[in-house]
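Student: One structure, pasted below without further comment.
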Amino acid sequence: MVIKLCSTENVPPWECATLIKDIRLISSNFARKFSWVPRACNKASHWVVSQAFKGSIPLDWVSILPFALSVICKDDASVEVFS
C-alpha cells in the first residue's frame, strides 16, 4: 500500500499523509520509481539497513561491496519472481 501511495496521485489516509508527502517530495528530485519487491528478494536491503543501524557498515560499501553483501545480492538475484 505504501508503494502504491508513493507512486500515484492517490490521496493517502490522514494518518500517514505527511510521511507520504515527504517521500513524494524527496523522490521527485531523483530519477527513481518505487516498486514492490517480494521479501525473498529483499535480503540485501535488510542487510544494509541492519549494518547501518549497528553502525558497522563500511563508508565505501557502495563502491567496494562487502563480501557478505555480494553473496546476498547473488542470492537475491537468483530468486524467481512471478507476477
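In the C-alpha cells, each chain is lettered A, B, ... as it comes, each chain's residues begin at 1, and ligands are numbered from 1 in order of appearance.
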If we count only C-alpha atoms, what is near Ser78 of chain A at a cut-off of 12 Å, once residues fewer than 2 positions away on the same chain are taken out, given as a ChimeraX atom specification?
Tutor: /A:40-43,71-76,80-81
Student: DSSP on the backbone: which residues in chain A end up as helix (DSSP H, G or I)? Give the answer as a PyMOL selection string.
Tutor: chain A and resi 2-7+17-27+39-41+43-54+67-77
Student: Could you dump the residues just selected with N, CA and C atoms as a CSV table (one decimal), in the first residue's frame?
Tutor:
```csv
chain,number,residue,atom,x,y,z
A,2,VAL,N,2.0,1.2,0.8
A,2,VAL,CA,2.9,2.4,0.8
A,2,VAL,C,3.5,2.7,-0.5
A,3,ILE,N,3.9,1.6,-1.2
A,3,ILE,CA,4.5,1.8,-2.6
A,3,ILE,C,3.5,2.4,-3.5
A,4,LYS,N,2.2,1.9,-3.5
A,4,LYS,CA,1.2,2.4,-4.3
A,4,LYS,C,0.9,3.9,-4.0
A,5,LEU,N,0.9,4.3,-2.7
A,5,LEU,CA,0.6,5.7,-2.4
A,5,LEU,C,1.8,6.6,-2.8
A,6,CYS,N,3.0,6.1,-2.7
A,6,CYS,CA,4.1,6.9,-3.1
A,6,CYS,C,4.3,7.1,-4.6
A,7,SER,N,3.7,6.1,-5.4
A,7,SER,CA,3.9,6.2,-6.8
A,7,SER,C,2.7,6.7,-7.6
A,17,ALA,N,-0.4,10.8,5.8
A,17,ALA,CA,-0.3,11.7,4.7
A,17,ALA,C,1.0,12.6,4.7
A,18,THR,N,1.4,13.0,5.8
A,18,THR,CA,2.6,13.8,5.9
A,18,THR,C,3.9,13.0,5.5
A,19,LEU,N,4.0,11.8,5.9
A,19,LEU,CA,5.1,10.9,5.5
A,19,LEU,C,5.1,10.7,4.0
A,20,ILE,N,3.9,10.3,3.5
A,20,ILE,CA,3.8,10.0,2.0
A,20,ILE,C,4.2,11.3,1.2
A,21,LYS,N,3.7,12.5,1.7
A,21,LYS,CA,4.0,13.7,1.0
A,21,LYS,C,5.5,14.0,1.0
A,22,ASP,N,6.2,13.7,2.2
A,22,ASP,CA,7.6,13.9,2.2
A,22,ASP,C,8.4,12.9,1.3
A,23,ILE,N,7.9,11.7,1.2
A,23,ILE,CA,8.5,10.7,0.3
A,23,ILE,C,8.4,11.1,-1.1
A,24,ARG,N,7.2,11.6,-1.5
A,24,ARG,CA,6.9,12.1,-2.8
A,24,ARG,C,7.8,13.3,-3.2
A,25,LEU,N,8.0,14.2,-2.2
A,25,LEU,CA,8.8,15.4,-2.5
A,25,LEU,C,10.3,15.0,-2.6
A,26,ILE,N,10.8,14.2,-1.8
A,26,ILE,CA,12.2,13.8,-1.9
A,26,ILE,C,12.4,13.0,-3.1
A,27,SER,N,11.5,12.1,-3.5
A,27,SER,CA,11.7,11.2,-4.6
A,27,SER,C,11.6,12.0,-5.9
A,39,ARG,N,9.7,-10.2,-0.3
A,39,ARG,CA,10.6,-10.4,0.8
A,39,ARG,C,11.8,-11.3,0.4
A,40,ALA,N,11.5,-12.3,-0.3
A,40,ALA,CA,12.5,-13.3,-0.8
A,40,ALA,C,13.6,-12.6,-1.6
A,41,CYS,N,13.3,-11.5,-2.2
A,41,CYS,CA,14.4,-10.7,-3.0
A,41,CYS,C,14.9,-9.5,-2.2
A,43,LYS,N,16.7,-9.4,0.8
A,43,LYS,CA,17.7,-9.7,1.8
A,43,LYS,C,18.9,-8.6,1.8
A,44,ALA,N,19.2,-8.1,0.6
A,44,ALA,CA,20.3,-7.2,0.5
A,44,ALA,C,20.0,-5.9,1.2
A,45,SER,N,18.8,-5.4,1.0
A,45,SER,CA,18.4,-4.1,1.6
A,45,SER,C,18.3,-4.3,3.2
A,46,HIS,N,17.8,-5.5,3.6
A,46,HIS,CA,17.7,-5.8,5.0
A,46,HIS,C,19.2,-5.8,5.6
A,47,TRP,N,20.1,-6.3,4.9
A,47,TRP,CA,21.5,-6.4,5.4
A,47,TRP,C,22.0,-5.0,5.5
A,48,VAL,N,21.8,-4.1,4.5
A,48,VAL,CA,22.4,-2.8,4.6
A,48,VAL,C,21.8,-2.0,5.7
A,49,VAL,N,20.5,-2.1,5.9
A,49,VAL,CA,19.8,-1.3,7.0
A,49,VAL,C,20.3,-1.9,8.3
A,50,SER,N,20.4,-3.2,8.5
A,50,SER,CA,20.8,-3.8,9.7
A,50,SER,C,22.3,-3.3,10.1
A,51,GLN,N,23.1,-3.3,9.1
A,51,GLN,CA,24.5,-2.9,9.4
A,51,GLN,C,24.6,-1.4,9.7
A,52,ALA,N,23.8,-0.6,9.0
A,52,ALA,CA,23.8,0.8,9.2
A,52,ALA,C,23.3,1.1,10.6
A,53,PHE,N,22.2,0.4,11.0
A,53,PHE,CA,21.7,0.6,12.4
A,53,PHE,C,22.7,0.2,13.4
A,54,LYS,N,23.5,-0.8,13.2
A,54,LYS,CA,24.5,-1.2,14.2
A,54,LYS,C,25.8,-0.3,14.1
A,67,PHE,N,32.0,-8.6,1.2
A,67,PHE,CA,31.8,-9.9,0.7
A,67,PHE,C,30.4,-10.5,1.1
A,68,ALA,N,30.0,-10.3,2.4
A,68,ALA,CA,28.7,-10.8,2.8
A,68,ALA,C,27.5,-10.3,2.0
A,69,LEU,N,27.6,-9.0,1.6
A,69,LEU,CA,26.6,-8.4,0.8
A,69,LEU,C,26.6,-8.9,-0.6
A,70,SER,N,27.8,-9.1,-1.1
A,70,SER,CA,27.8,-9.6,-2.5
A,70,SER,C,27.2,-11.0,-2.6
A,71,VAL,N,27.4,-11.8,-1.6
A,71,VAL,CA,26.8,-13.2,-1.5
A,71,VAL,C,25.3,-13.0,-1.5
A,72,ILE,N,24.8,-12.1,-0.7
A,72,ILE,CA,23.3,-11.9,-0.5
A,72,ILE,C,22.8,-11.4,-1.8
A,73,CYS,N,23.5,-10.5,-2.5
A,73,CYS,CA,23.0,-9.9,-3.8
A,73,CYS,C,22.9,-11.0,-4.8
A,74,LYS,N,23.8,-11.9,-4.9
A,74,LYS,CA,23.7,-13.0,-5.9
A,74,LYS,C,22.6,-13.9,-5.5
A,75,ASP,N,22.3,-14.1,-4.3
A,75,ASP,CA,21.2,-14.9,-3.8
A,75,ASP,C,19.9,-14.3,-4.2
A,76,ASP,N,19.8,-13.0,-3.9
A,76,ASP,CA,18.6,-12.2,-4.2
A,76,ASP,C,18.3,-12.2,-5.7
A,77,ALA,N,19.3,-12.1,-6.5
A,77,ALA,CA,19.2,-12.0,-8.0
A,77,ALA,C,18.7,-13.4,-8.6
```
Student: Would you mind reading off the distance between atom CA of Glu9 of chain A and atom CA of Ser28 of chain A, one decimal, in Å?
Tutor: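 Between these atoms lies a distance of 12.8 Å.
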